[in-house]
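Below is one structure, written out as structure tokens, with a few remarks after it.
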Amino acid sequence: MDLTFMVVLVIALALFFDFTNGFHDTANAMATPIATGAIKPKTAVALAAILNLVGAFLSTEVAKTISGGIINESGPNGVAITPEMIFAGLMGAVLWNLFTWLLGLPSSSSHALFGGLIGAAIVGTWSFGAVNFMVVISKVLLPALLAPAIAGLVAYVCTKLAYSITRRSDPDSGDKLTQKRGGFRRGQVFSSSLVALAHGTNDAQKTMGVITLVLVASGLQQAGTGPHIWVITACALAIAGGTYAGGWRIIRTLGSGLTDVKPAQGFAAESSTAAAILASSHLGFALSTTHVASGSVIGSGLGRKGSTVRWGQIGKISLAWLFTLPSAALVGGLAALLIRTGLVGIIIVAGLGLSAILVMFVISQREVVDHSNAISDVDAVGEAMHIPSKKERDKLAAKARAAEKIAEKAAKRAAETAAARAVAQTALDRADTAVLKAMTKAAAQAQAPKSNAGSKKGKK
């Protein structure tokens with residue numbers, strides 16, 4: 001196959017992966033503010049898309065890790081990885097992304113990409129030397145274990161502090177007063193925006209790294225150089241478009257599937273997530289933003305007294321995390337094995353991949369999940385935690401006073417009606433008594449003449 005056509009095909013698939021990464025990870029930034037009612041669903045995904053776009057231009061450190069760290073660009077006999085192998089790896093990542101999206105599981109798009117590339121590189125070259133496992137361990141696996149735990153711990157502490165600082169009680173009796181935490185809901189708009197920006201600085205870079213890798217592997221770019229501006233722009237637009245599409249199935253899982261999120265929890269979780277991702281992007285760690293966001297949500301859930309964490313759901317998500325990298329590697333390796341046969345293998349891989357994508361899309365249409373129903377449970381949580389503003393409280397108080405006046409008037413009218421009925425009943429009773437007395441007297445008088453007549457006949 002013509003090298004240029006193969007490069008174009010790989011870039012197109014890479015951008016499609018970037019699109020799936022966007023809608024797969026929208027929930028990382030926007031699930032909790034949607035859950036608490038801090039921001040409307042459509043507004044949330046639009047804001048996340050814009051900030052993902054901006055974040056993609058802020059750093060290229062992660063892209064350099066992908067293009068010149070995990071996969072060795074050159075081997076003993078020249079280039080160790082070819083555009084065909086990268087195509088196979090991307091296919092494994094895309095299929096796993098869509099499969100977990102269909103199930104509503106917030107798995108790692110990053111690990112799907114790494115797994116697909118690693119499997120394809122090993123099978124495509126029949127050598128483990130195509131992969132730099134030290135970089136994989138130091139910049140992929142260790143961050144995957146440590147970042148969620150650290151983010152969860154920070155979210156736990158922040159949630160404890162938030163509830164402790166804002167706790168209100170009567171100074172005399174010590175009774176608990178109504179808590180005023182409406183500010184956290186407004187703060188969530190800022191913290192979730194920061195997460196979306198951080199997501200752009202990390203996840204968009206991964207596709208930039210893959211495209212840079214294919215350009216280097218095909219001899220169109222010098223090894224060791226960073227992504228071109230057109231690559232950065234294309235990847236930024238792709239992930240922004242995917243983010244705006246909205247991963248509603250995963251938003252439903254993260255919004256209410258792990259724990260019922262309150263505004264203070266959401267603010268703590270998002271702040272912890274953003275801090276962890278931004279630090280990792282600065283250090284060039286190809287971090288899984290999904291792992292970090294999930295860890296923060298769990299930590300914030302544990303930090304709120306009385307909160308319920310659904311450990312069964314967390315177990316399912318953890319299994320998805322565990323199997324993401326090896327599963328994507330397996331698919332990527334199988335695709336690379338077919339591609340080794342030549343043009344026919346590439347056509348078979350492309351055909352099978354497209355068929356699998358279409359099948360999953362058709363299945364997803366049986367139960368459509370979008371902004372109107374993805375957060376049905378989440379809406380209930382948000383309504384339960386609604387904290388009225390002063391204007392709303394004044395309106396409610398006015399309505400209560402008006403209702404009280406209406407109730408007083410109704411009670412007064414009811415009392416007057418009852419009194420009138422009592423008077424009428426008394427008069428009726430008196431009339432009945434008078435009639436009865438009159439009838440009795442009339443009957444007595446009617447009997448009196450008959451008695452007198454009888455007595456006169458007896459005397460005769």
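Residue numbers start at 1 in each chain; chains themselves are named A, B, ... in the order of the structure tokens; ligands are numbered from 1 in the order shown.
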
Spatial neighbours of Gly55 (chain A), max dist 8 Å, only C-alpha atoms, sep filter under 5 positions, as a ChimeraX atom specification
/A:196-201

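Coordinates place CA of Lys305 (chain A) at a distance of 25.2 Å from CA of Val195 (chain A).
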
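Going from CA of Phe17 (chain A) to CA of Val216 (chain A) covers 19.4 Å.
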
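You can rank A:Ala400, A:Leu145, A:Val10, A:Ala335 by their closest distance to Ile211 (chain A) using only C-alpha atoms, and at the top of that list sits A:Val10.
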
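Shortest atom-to-atom contact with Ser109 (chain A) among A:Ala245, A:Met30, A:Ala328, A:Ala130: A:Ala328, counting only C-alpha atoms.
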
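Residue nearest Ala149 (chain A) within the list A:Ala415, A:Val135, A:Ala422, A:Ala276: A:Ala276 [criterion: smallest interatomic distance, only C-alpha atoms].
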
Selection near Lys160 (chain A), 10 Å with only C-alpha atoms, sequence-local residues under 6 positions removed, as a PDB file with C-alpha atoms, in the first residue's frame:
ATOM      1  CA  VAL A 154      -6.740  14.813  48.810  1.00  0.00           C
ATOM      2  CA  ALA A 264     -19.119  20.435  48.707  1.00  0.00           C
ATOM      3  CA  GLN A 265     -18.037  16.942  47.634  1.00  0.00           C
ATOM      4  CA  ALA A 268     -13.410  18.944  46.514  1.00  0.00           C
ATOM      5  CA  SER A 300     -15.039  12.782  48.440  1.00  0.00           C
ATOM      6  CA  LEU A 302     -15.815   8.707  51.944  1.00  0.00           C
ATOM      7  CA  GLY A 303     -15.149  12.197  53.312  1.00  0.00           C
ATOM      8  CA  ARG A 304     -18.805  13.097  53.821  1.00  0.00           C
ATOM      9  CA  LYS A 305     -20.459  11.697  56.919  1.00  0.00           C
TER      10      LYS A 305
END

Would you pick out the contacts of Ala56 (chain A) at 12 Å or less, using only C-alpha atoms, so that residues sharing its chain but fewer than 6 positions from it are not included, and give the list as a short mmCIF file (atom, residue, chain, number, x, y, z; two decimals) with N, CA and C atoms, in the first residue's frame?
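Saved result, result.cif, follows:
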data_model
loop_
_atom_site.label_atom_id
_atom_site.label_comp_id
_atom_site.auth_asym_id
_atom_site.auth_seq_id
_atom_site.Cartn_x
_atom_site.Cartn_y
_atom_site.Cartn_z
N ASP A 18 -9.27 10.25 19.04
CA ASP A 18 -9.27 11.47 19.84
C ASP A 18 -10.71 11.93 20.09
N GLY A 22 -12.67 12.18 23.68
CA GLY A 22 -13.39 13.35 24.16
C GLY A 22 -14.71 13.00 24.79
N ALA A 49 -15.91 21.39 26.17
CA ALA A 49 -15.34 21.32 24.82
C ALA A 49 -14.42 22.51 24.55
N ILE A 50 -14.87 23.70 24.93
CA ILE A 50 -14.06 24.90 24.70
C ILE A 50 -12.75 24.83 25.49
N VAL A 62 3.36 15.52 27.30
CA VAL A 62 2.81 14.17 27.22
C VAL A 62 2.94 13.63 25.80
N ALA A 63 2.75 14.50 24.81
CA ALA A 63 2.90 14.08 23.41
C ALA A 63 4.32 13.57 23.14
N ALA A 196 -11.60 20.35 32.99
CA ALA A 196 -11.70 20.28 31.53
C ALA A 196 -10.45 20.85 30.87
N LEU A 197 -9.95 21.95 31.41
CA LEU A 197 -8.72 22.54 30.88
C LEU A 197 -7.54 21.58 31.07
N ALA A 198 -7.46 20.99 32.26
CA ALA A 198 -6.37 20.04 32.54
C ALA A 198 -6.47 18.82 31.64
N HIS A 199 -7.71 18.37 31.38
CA HIS A 199 -7.91 17.22 30.49
C HIS A 199 -7.32 17.49 29.11
N GLY A 200 -7.51 18.71 28.62
CA GLY A 200 -6.95 19.07 27.32
C GLY A 200 -5.43 19.06 27.32
N THR A 201 -4.83 19.44 28.46
CA THR A 201 -3.36 19.45 28.52
C THR A 201 -2.77 18.05 28.59
N ASN A 202 -3.59 17.05 28.91
CA ASN A 202 -3.06 15.68 29.06
C ASN A 202 -3.55 14.75 27.96
N ASP A 203 -4.85 14.59 27.83
CA ASP A 203 -5.38 13.58 26.92
C ASP A 203 -5.24 13.95 25.45
N ALA A 204 -5.42 15.23 25.12
CA ALA A 204 -5.27 15.63 23.72
C ALA A 204 -3.84 15.40 23.24
N GLN A 205 -2.90 15.46 24.19
CA GLN A 205 -1.49 15.28 23.83
C GLN A 205 -1.19 13.86 23.34
N LYS A 206 -1.98 12.90 23.80
CA LYS A 206 -1.68 11.50 23.47
C LYS A 206 -1.88 11.23 21.99
N THR A 207 -2.95 11.78 21.42
CA THR A 207 -3.17 11.62 19.98
C THR A 207 -2.13 12.41 19.19
N MET A 208 -1.74 13.57 19.71
CA MET A 208 -0.65 14.32 19.06
C MET A 208 0.61 13.47 18.99
N PRO A 227 5.30 17.73 18.22
CA PRO A 227 4.22 17.79 17.22
C PRO A 227 4.17 19.14 16.50
N ILE A 229 2.28 22.29 14.50
CA ILE A 229 1.12 23.09 14.90
C ILE A 229 -0.17 22.55 14.28
N VAL A 231 -0.85 19.48 13.70
CA VAL A 231 -1.20 18.28 14.49
C VAL A 231 -1.89 18.71 15.78
N ILE A 232 -1.33 19.70 16.45
CA ILE A 232 -1.92 20.20 17.69
C ILE A 232 -3.34 20.72 17.45
N THR A 233 -3.50 21.49 16.38
CA THR A 233 -4.82 22.06 16.07
C THR A 233 -5.85 20.98 15.76
N ALA A 234 -5.45 20.01 14.91
CA ALA A 234 -6.38 18.94 14.53
C ALA A 234 -6.81 18.12 15.74
N CYS A 235 -5.86 17.81 16.61
CA CYS A 235 -6.18 17.00 17.80
C CYS A 235 -7.04 17.80 18.78
N ALA A 236 -6.75 19.08 18.90
CA ALA A 236 -7.55 19.93 19.79
C ALA A 236 -9.00 19.98 19.32
N LEU A 237 -9.21 20.14 18.02
CA LEU A 237 -10.57 20.20 17.48
C LEU A 237 -11.29 18.85 17.62
N ALA A 238 -10.55 17.76 17.41
CA ALA A 238 -11.17 16.43 17.50
C ALA A 238 -11.64 16.12 18.92
N ILE A 239 -10.79 16.39 19.91
CA ILE A 239 -11.17 16.07 21.29
C ILE A 239 -12.26 17.03 21.77
N ALA A 240 -12.23 18.27 21.28
CA ALA A 240 -13.28 19.22 21.65
C ALA A 240 -14.62 18.78 21.07
N SER A 281 0.71 16.51 33.77
CA SER A 281 0.99 17.06 32.44
C SER A 281 2.31 17.81 32.42
#

Counting only C-alpha atoms, figure out which residue out of A:Ile317, A:Ala151, A:Val423, A:Met91 gets nearest to Ala269 (chain A).
A:Ala151

Among listed residues A:Ser191, A:Asn21, A:Asn97, A:Thr125, nearest Ile39 (chain A) (using only C-alpha atoms):
A:Ser191

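Distance annotation: of A:Ala431, A:Leu354, A:Ile406, A:Ala217, the residue with the minimal separation from Leu3 (chain A) is A:Ala217; atom set is only C-alpha atoms.
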